[in-house]
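Peer 1: One structure, as structure tokens, below. Some questions next.
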Amino acid sequence: MPKKPIVFLAMTIGVLSLWSCAIKEEKKSLGIEHVIVIGVDGLSPDGIKTASTPNFDTIINQGAHTFHARAILPSSSSSNWSSMIMGAGPEQHGITSNAWEKDNFVLPAITQSEDFLFPTIFKLVDSQIENAEVGSIYHWGGFGRLFEKSAVDYDINGETEEVTAELASAYIKEKKPTFTFIHFDHVDHAGHEFGHGTEEYYKSVVKADELLGEVMNAIKDAGMVNNTLVIISADHGGMGKGHGGETLDEIEIPFILWGKSVKKGHKIKYPVYQYDNAATVAFVLGLKTPHAWIGKPAKMGFEGYDVSDNYPITEMLEQPTILPKAEFNKKAGGLFDDEASIQIENSNLEGNVHYTLDGTMPNSNSKKYTEPIQIDENVVLKAAIILDGKIRSTAVDAFFRVKPEKFLAPIDYKLYYLNNLTSVPNLDNRTPDVKGTCFEFTSDEIEDKIKGNTAVKFNSQLVIEKEGAYGFFTRSDDGSKLWIDGKEVVDNDGDHGVREKGGKIDLKPGVHDIEVIWFNGGGSGWLDVYYQSISVPKQIIPTTILK
């Protein structure tokens with residue numbers, strides 16, 4: 001009996017000792033006195049992997065990185081830059097689109113630091129570190145509305161990416177700031193103008209690499225190398241000439257750590273999210289974060305810290321390529337006369353391509369691709385890489401539509417050149433600038449006629465053979481709406497990147513009027529339209545069911 005208290009006391013001392021050690025580990029100093037975050041708008045992992053980027057490559061080899069960090073949804077600039085500096089998502093900070101302004105928003109921030117703003121890392125550094133020097137140098141002027149002006153000592157919008165790099169470099173050398181945020185915008189410009197994955201896009205990434213070299217040289221010239229952390233990331237990737245959607249191309253971003261106490265040549269194997277950026281800055285500078293923040297520091301990138309659980313990043317093999325392949329926003333496949341030949345390529349050194357033609361998800365029991373597939377009817381193709389009996393890539397789909405060679409275009413379109421479009425306009429009583437016919441509800445067929453501030457009205461008749469509930473979807477940049485028999489079924493309105501929205505309607509067998517109105521406010525635009533039912537896999541509305 002007398003021994004029990006002694007045992008209990010020993011156990012208590014042991015637990016307290018372990019707890020004390022854990023606390024000491026959490027609070028151990030990393031020796032970091034300066035943090036510089038470099039954000040490159042629209043920089044995708046593919047951009048760094050494919051373009052010639054010696055400075056990025058050196059920093060990656062000398063530091064810790066992942067190419068599988070994830071942006072938040074929507075994958076638009078304002079929402080992601082704010083999440084990067086606020087340690088939280090749109091659900092908390094309320095910046096849900098690029099239209100957000102302090103005097104124009106829908107969702108208020110759950111908590112505020114000042115002027116309707118959710119607390120940012122700028123505010124934390126300024127309020128918790130005595131005599132902290134804080135700077136923000138940004139190429140995109142819109143970034144300047146996302147942080148507390150009172151928390152920043154040096155706040156300037158560079159006219160160009162070159163000027164931004166010059167201003168940032170001079171500031172670092174002169175002030176040796178505690179925290180600096182540098183924003184470059186030109187890569188996103190190239191993505192919108194020429195398209196992600198184009199030669200021009202990769203040239204813009206090369207330029208970003210050169211500017212990164214300037215900033216890194218400034219850090220060395222300032223004598224800050226031995227106590228500085230550099231974090232490099234992006235707000236989003238892109239697909240085609242846009243972003244805003246939910247694909248990995250748009251969502252996955254690079255996250256790179258370099259400098260004091262960072263693991264060398266380390267590949268981060270666990271998930272990192274956009275809002276973890278600010279949390280990481282707070283962690284290395286020893287700042288207390290607001291309870292409202294949801295971000296976690298990427299500790300696994302630093303010496304002395306590890307993550308050990310059963311949920312690392314699931315890395316996928318490259319998805320198969322279906323020919324004719326997808327280009328920009330256009331899905332793989334296409335519209336063919338009488339028949340088509342489908343080819344599928346596997347760029348991986350392992351695994352086999354398995355596919356289906358009815359829109360269902362392929363698995364190890366699905367047909368293995370060995371030779372071109374000949375078709376003479378509409379098919380919805382899905383393909384994926386199967387290895388060891390499991391799907392090891394994202395599934396890719398393609399829509400092949402086959403029509404008789406002499407089939408007449410069943411859709412009338414009217415095109416209007418307008419001004420300052422931000423939503424689907426009322427086109428009643430307006431005189432169209434261009435009229436014509438086309439085979440499908442898509443911007444692709446009339447691409448050469450589309451300018452900024454263009455609206456298009458498409459009209460046709462849809463032949464339904466089986467009674468039931470039908471889903472209709474528009475995938476557009478910018479807004480679009482769809483009506484069946486005069487009833488609005490899809491509302492995908494607004495000024496936005498490529499985004500899909502849908503709706504349902506019960507239809508009886510017979511002929512039904514279908515109308516789609518789409519607008520392109522500026523830059524590149526896109527539209528395609530889909531339908532599905534319990535017996536029809538989701539697919540681009542085929543021209544052969546229109547009249």
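Convention: chains lettered A, B, ... in structure tokens order; per-chain residue numbering from 1; ligands numbered from 1 as shown.
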Using only C-alpha atoms, which residues sit within 12 Å of A:Asn426 once same-chain residues fewer than 5 positions away are excluded, as a list of chain:residue names?
Peer 2: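 That gives A:Tyr416, A:Leu418, A:Leu421, A:Thr431, A:Ala455, A:Val456, A:Lys457, A:Lys481, A:Ile517, A:Trp518, A:Phe519.
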Peer 1: At a cut-off of 12 Å, using only C-alpha atoms, what residues contact stretch 405-412 of chain A? Leave out same-chain residues fewer than 5 positions from it and give the result as a PyMOL selection string.
Peer 2: chain A and resi 335-339+376+434-442+445-446+456-463+513-517+541-547
Peer 1: For the residues in the current selection, export N, CA and C atoms as a compact mmCIF listing (two decimals), in the first residue's frame.
Peer 2:
```
# COMPACT_ATOMS: atom_id res chain seq x y z
N LEU A 335 -15.56 17.26 -82.19
CA LEU A 335 -16.69 16.96 -83.06
C LEU A 335 -16.16 16.46 -84.40
N PHE A 336 -16.64 15.28 -84.83
CA PHE A 336 -16.10 14.63 -86.03
C PHE A 336 -17.22 14.26 -86.99
N ASP A 337 -16.87 14.15 -88.25
CA ASP A 337 -17.81 13.72 -89.28
C ASP A 337 -17.74 12.20 -89.44
N ASP A 338 -18.85 11.54 -89.21
CA ASP A 338 -19.06 10.11 -89.47
C ASP A 338 -18.33 9.16 -88.54
N GLU A 339 -17.04 9.40 -88.26
CA GLU A 339 -16.30 8.48 -87.40
C GLU A 339 -15.08 9.18 -86.81
N ASP A 376 -18.01 5.36 -84.10
CA ASP A 376 -18.90 6.00 -85.07
C ASP A 376 -20.14 6.57 -84.39
N VAL A 434 -23.56 40.57 -85.07
CA VAL A 434 -23.21 39.43 -85.93
C VAL A 434 -24.25 38.34 -85.71
N LYS A 435 -24.65 37.67 -86.80
CA LYS A 435 -25.55 36.53 -86.72
C LYS A 435 -24.90 35.34 -87.42
N GLY A 436 -25.30 34.13 -87.01
CA GLY A 436 -24.78 32.96 -87.68
C GLY A 436 -25.35 31.69 -87.09
N THR A 437 -24.83 30.56 -87.54
CA THR A 437 -25.21 29.25 -87.01
C THR A 437 -23.96 28.49 -86.60
N CYS A 438 -24.14 27.58 -85.64
CA CYS A 438 -23.02 26.75 -85.18
C CYS A 438 -23.55 25.40 -84.76
N PHE A 439 -22.65 24.47 -84.53
CA PHE A 439 -23.04 23.10 -84.20
C PHE A 439 -23.25 22.87 -82.71
N GLU A 440 -22.50 23.59 -81.86
CA GLU A 440 -22.55 23.35 -80.42
C GLU A 440 -22.59 24.66 -79.64
N PHE A 441 -23.04 24.56 -78.38
CA PHE A 441 -23.05 25.74 -77.51
C PHE A 441 -21.64 25.95 -76.97
N THR A 442 -20.84 26.63 -77.72
CA THR A 442 -19.45 26.82 -77.32
C THR A 442 -18.90 28.10 -77.92
N GLU A 445 -16.31 27.73 -81.55
CA GLU A 445 -16.65 27.86 -82.96
C GLU A 445 -16.66 29.31 -83.44
N ILE A 446 -16.84 30.25 -82.52
CA ILE A 446 -16.93 31.67 -82.90
C ILE A 446 -15.82 32.49 -82.26
N VAL A 456 -23.22 36.81 -76.24
CA VAL A 456 -23.71 35.93 -77.30
C VAL A 456 -24.96 35.21 -76.81
N LYS A 457 -25.98 35.22 -77.66
CA LYS A 457 -27.21 34.47 -77.37
C LYS A 457 -27.29 33.29 -78.34
N PHE A 458 -27.41 32.08 -77.80
CA PHE A 458 -27.55 30.86 -78.59
C PHE A 458 -28.98 30.33 -78.44
N ASN A 459 -29.61 29.93 -79.55
CA ASN A 459 -30.95 29.36 -79.51
C ASN A 459 -31.03 28.12 -80.37
N SER A 460 -31.71 27.08 -79.84
CA SER A 460 -31.94 25.87 -80.61
C SER A 460 -33.10 25.12 -79.97
N GLN A 461 -33.33 23.90 -80.47
CA GLN A 461 -34.35 23.03 -79.89
C GLN A 461 -33.71 21.70 -79.54
N LEU A 462 -34.08 21.21 -78.37
CA LEU A 462 -33.48 19.99 -77.80
C LEU A 462 -34.49 18.86 -77.91
N VAL A 463 -34.08 17.74 -78.47
CA VAL A 463 -34.97 16.58 -78.61
C VAL A 463 -34.73 15.61 -77.46
N ASP A 513 -37.42 24.08 -76.27
CA ASP A 513 -36.57 25.23 -76.59
C ASP A 513 -35.41 25.32 -75.60
N ILE A 514 -34.24 25.62 -76.11
CA ILE A 514 -33.07 25.82 -75.24
C ILE A 514 -32.37 27.11 -75.65
N GLU A 515 -32.05 27.93 -74.66
CA GLU A 515 -31.36 29.21 -74.91
C GLU A 515 -30.22 29.37 -73.93
N VAL A 516 -29.09 29.82 -74.42
CA VAL A 516 -27.92 30.11 -73.58
C VAL A 516 -27.44 31.51 -73.90
N ILE A 517 -27.20 32.31 -72.87
CA ILE A 517 -26.57 33.62 -73.05
C ILE A 517 -25.27 33.63 -72.26
N ILE A 541 -23.37 18.78 -74.75
CA ILE A 541 -24.61 18.54 -75.48
C ILE A 541 -24.27 18.27 -76.94
N PRO A 542 -24.57 17.06 -77.42
CA PRO A 542 -24.19 16.73 -78.80
C PRO A 542 -25.10 17.42 -79.81
N THR A 543 -24.51 17.82 -80.90
CA THR A 543 -25.27 18.53 -81.92
C THR A 543 -26.38 17.66 -82.52
N THR A 544 -26.22 16.34 -82.45
CA THR A 544 -27.18 15.44 -83.08
C THR A 544 -28.50 15.33 -82.33
N ILE A 545 -28.62 15.88 -81.11
CA ILE A 545 -29.91 15.88 -80.42
C ILE A 545 -30.56 17.26 -80.48
N LEU A 546 -30.02 18.12 -81.34
CA LEU A 546 -30.57 19.46 -81.53
C LEU A 546 -31.22 19.55 -82.91
N LYS A 547 -32.18 20.48 -83.04
CA LYS A 547 -32.81 20.68 -84.34
C LYS A 547 -33.21 22.14 -84.49
```
Peer 1: Can you list, as an NGL selection string, every residue of stretch 134-228 of chain A that DSSP puts in strand (DSSP E or B)?
Peer 2: :A and (134-138 or 154-157 or 179-184 or 228)
Peer 1: I'd like the interatomic distance between atom CA of A:His236 and atom CA of A:Gly359, to a tenth of an Å.
Peer 2: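 So the answer is 28.9 Å.
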Peer 1: Excluding A:Gly245 and residues on its chain fewer than 3 positions from it, collect all residues at most 12 Å away from it, counting only C-alpha atoms, and give them as a VMD selection string.
Peer 2: chain A and resid 71 to 77 236 to 242 248 to 252 329 475 to 477 496 to 501
Peer 1: Write out as a count of residues only each polymer residue whose atoms come within 9 Å of stretch 36-42 of chain A, counting only C-alpha atoms; drop sequence neighbours fewer than 5 positions from it.
Peer 2: 37
Peer 1: Please provide the set of residues having any atom within 9 Å of A:Lys390, restricted to only C-alpha atoms, with same-chain residues fewer than 3 positions apart removed, written as a PyMOL selection string.
Peer 2: chain A and resi 363-364+385-387
Peer 1: Measuring between only C-alpha atoms, which one of A:Arg401, A:Asn365, A:Met300, A:Asn492 shows the shortest distance to A:Ile342?
Peer 2: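 Of the candidates, the smallest distance to A:Ile342 is held by A:Arg401.
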Peer 1: Using only C-alpha atoms, determine which residues lie at most 10 Å from A:Leu257, disregarding the query and same-chain residues fewer than 3 positions distant; provide the list as an MDAnalysis selection string.
Peer 2: chainID A and resid 37 59:60 62:66 229:233 260:264 266 268 280 298 301:302
Peer 1: With N, CA and C atoms retained, write the just-selected residues as a PDB file, in the first residue's frame.
Peer 2:
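Written output follows (again27.pdb):
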```pdb
ATOM      1  N   VAL A  37       8.842  36.912 -47.565  1.00  0.00           N
ATOM      2  CA  VAL A  37       7.915  36.092 -48.340  1.00  0.00           C
ATOM      3  C   VAL A  37       7.871  36.646 -49.756  1.00  0.00           C
ATOM      4  N   ILE A  59      17.681  27.266 -54.770  1.00  0.00           N
ATOM      5  CA  ILE A  59      16.984  27.452 -53.493  1.00  0.00           C
ATOM      6  C   ILE A  59      16.289  26.164 -53.064  1.00  0.00           C
ATOM      7  N   ILE A  60      15.688  25.466 -54.029  1.00  0.00           N
ATOM      8  CA  ILE A  60      15.040  24.190 -53.718  1.00  0.00           C
ATOM      9  C   ILE A  60      16.066  23.178 -53.220  1.00  0.00           C
ATOM     10  N   GLN A  62      18.865  23.773 -51.769  1.00  0.00           N
ATOM     11  CA  GLN A  62      19.432  24.200 -50.492  1.00  0.00           C
ATOM     12  C   GLN A  62      18.386  24.281 -49.379  1.00  0.00           C
ATOM     13  N   GLY A  63      17.129  24.050 -49.700  1.00  0.00           N
ATOM     14  CA  GLY A  63      16.077  24.217 -48.713  1.00  0.00           C
ATOM     15  C   GLY A  63      15.084  23.071 -48.701  1.00  0.00           C
ATOM     16  N   ALA A  64      13.860  23.385 -48.296  1.00  0.00           N
ATOM     17  CA  ALA A  64      12.779  22.398 -48.222  1.00  0.00           C
ATOM     18  C   ALA A  64      11.643  22.867 -49.126  1.00  0.00           C
ATOM     19  N   HIS A  65      10.948  21.920 -49.763  1.00  0.00           N
ATOM     20  CA  HIS A  65       9.902  22.344 -50.692  1.00  0.00           C
ATOM     21  C   HIS A  65       8.849  21.254 -50.891  1.00  0.00           C
ATOM     22  N   THR A  66       7.720  21.671 -51.408  1.00  0.00           N
ATOM     23  CA  THR A  66       6.719  20.772 -51.958  1.00  0.00           C
ATOM     24  C   THR A  66       6.101  21.443 -53.172  1.00  0.00           C
ATOM     25  N   LEU A 229      14.854  33.808 -43.102  1.00  0.00           N
ATOM     26  CA  LEU A 229      14.053  32.772 -43.740  1.00  0.00           C
ATOM     27  C   LEU A 229      13.377  33.373 -44.973  1.00  0.00           C
ATOM     28  N   VAL A 230      13.488  32.693 -46.101  1.00  0.00           N
ATOM     29  CA  VAL A 230      12.783  33.083 -47.313  1.00  0.00           C
ATOM     30  C   VAL A 230      11.711  32.040 -47.597  1.00  0.00           C
ATOM     31  N   ILE A 231      10.491  32.510 -47.829  1.00  0.00           N
ATOM     32  CA  ILE A 231       9.383  31.623 -48.226  1.00  0.00           C
ATOM     33  C   ILE A 231       8.926  32.056 -49.613  1.00  0.00           C
ATOM     34  N   ILE A 232       8.851  31.118 -50.536  1.00  0.00           N
ATOM     35  CA  ILE A 232       8.413  31.407 -51.900  1.00  0.00           C
ATOM     36  C   ILE A 232       7.166  30.585 -52.196  1.00  0.00           C
ATOM     37  N   SER A 233       6.128  31.255 -52.710  1.00  0.00           N
ATOM     38  CA  SER A 233       4.903  30.532 -53.029  1.00  0.00           C
ATOM     39  C   SER A 233       4.119  31.294 -54.086  1.00  0.00           C
ATOM     40  N   LYS A 260      17.925  30.073 -42.678  1.00  0.00           N
ATOM     41  CA  LYS A 260      18.317  29.645 -41.343  1.00  0.00           C
ATOM     42  C   LYS A 260      17.395  28.548 -40.817  1.00  0.00           C
ATOM     43  N   SER A 261      17.990  27.469 -40.348  1.00  0.00           N
ATOM     44  CA  SER A 261      17.306  26.355 -39.680  1.00  0.00           C
ATOM     45  C   SER A 261      16.401  25.526 -40.597  1.00  0.00           C
ATOM     46  N   VAL A 262      16.452  25.789 -41.904  1.00  0.00           N
ATOM     47  CA  VAL A 262      15.645  25.008 -42.850  1.00  0.00           C
ATOM     48  C   VAL A 262      16.413  23.735 -43.224  1.00  0.00           C
ATOM     49  N   LYS A 263      15.708  22.627 -43.310  1.00  0.00           N
ATOM     50  CA  LYS A 263      16.331  21.380 -43.746  1.00  0.00           C
ATOM     51  C   LYS A 263      16.856  21.544 -45.176  1.00  0.00           C
ATOM     52  N   LYS A 264      17.983  20.972 -45.440  1.00  0.00           N
ATOM     53  CA  LYS A 264      18.634  21.122 -46.748  1.00  0.00           C
ATOM     54  C   LYS A 264      18.252  19.974 -47.687  1.00  0.00           C
ATOM     55  N   HIS A 266      15.398  19.041 -48.741  1.00  0.00           N
ATOM     56  CA  HIS A 266      14.311  18.264 -48.148  1.00  0.00           C
ATOM     57  C   HIS A 266      13.025  18.413 -48.950  1.00  0.00           C
ATOM     58  N   ILE A 268       9.183  18.117 -48.733  1.00  0.00           N
ATOM     59  CA  ILE A 268       8.111  18.065 -47.733  1.00  0.00           C
ATOM     60  C   ILE A 268       7.079  17.042 -48.170  1.00  0.00           C
ATOM     61  N   THR A 280       3.430  29.878 -40.601  1.00  0.00           N
ATOM     62  CA  THR A 280       4.859  29.549 -40.584  1.00  0.00           C
ATOM     63  C   THR A 280       5.699  30.771 -40.216  1.00  0.00           C
ATOM     64  N   ALA A 298       4.458  25.098 -41.111  1.00  0.00           N
ATOM     65  CA  ALA A 298       5.068  23.960 -41.818  1.00  0.00           C
ATOM     66  C   ALA A 298       6.353  23.571 -41.103  1.00  0.00           C
ATOM     67  N   GLY A 301       9.504  21.382 -42.280  1.00  0.00           N
ATOM     68  CA  GLY A 301      10.557  21.881 -43.146  1.00  0.00           C
ATOM     69  C   GLY A 301      11.776  22.391 -42.393  1.00  0.00           C
ATOM     70  N   PHE A 302      11.729  22.362 -41.057  1.00  0.00           N
ATOM     71  CA  PHE A 302      12.802  22.925 -40.240  1.00  0.00           C
ATOM     72  C   PHE A 302      13.544  21.837 -39.458  1.00  0.00           C
TER      73      PHE A 302
END
```
Peer 1: Taking into account only C-alpha atoms, which residue in the set A:Ser78, A:Glu214, A:Gly89, A:Lys176 is nearest to A:Thr164?
Peer 2: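 Once distances to A:Thr164 are computed over only C-alpha atoms, the minimum belongs to A:Glu214.
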Peer 1: Counting only C-alpha atoms, what is within 9 Å of A:Thr120, bar same-chain residues fewer than 6 positions away, as a list in words?
Peer 2: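 Selected residues are Ser82, Ser83, Met84, Ile85, Met86, Gly87, Ser113, Leu146, Phe147, Glu148 and Ala278 of chain A.
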Peer 1: Name the residues of stretch 198-251 of chain A that fall into helix (DSSP H, G or I) according to DSSP on the backbone, using the chain letters and numbers of this document, as number ranges by chain.
Peer 2: A: 199-221, 225-227, 248-251
Peer 1: So, counting only C-alpha atoms, which residue among A:Ser79, A:Thr111, A:Asn131, A:Ser480 is closest to A:Asn98?
Peer 2: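 The answer is A:Ser79, which sits nearest to A:Asn98.
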Peer 1: One decimal, in Å: what's the spacing between atom CA of A:Gly502 and atom CA of A:Thr96?
Peer 2: 20.0 Å
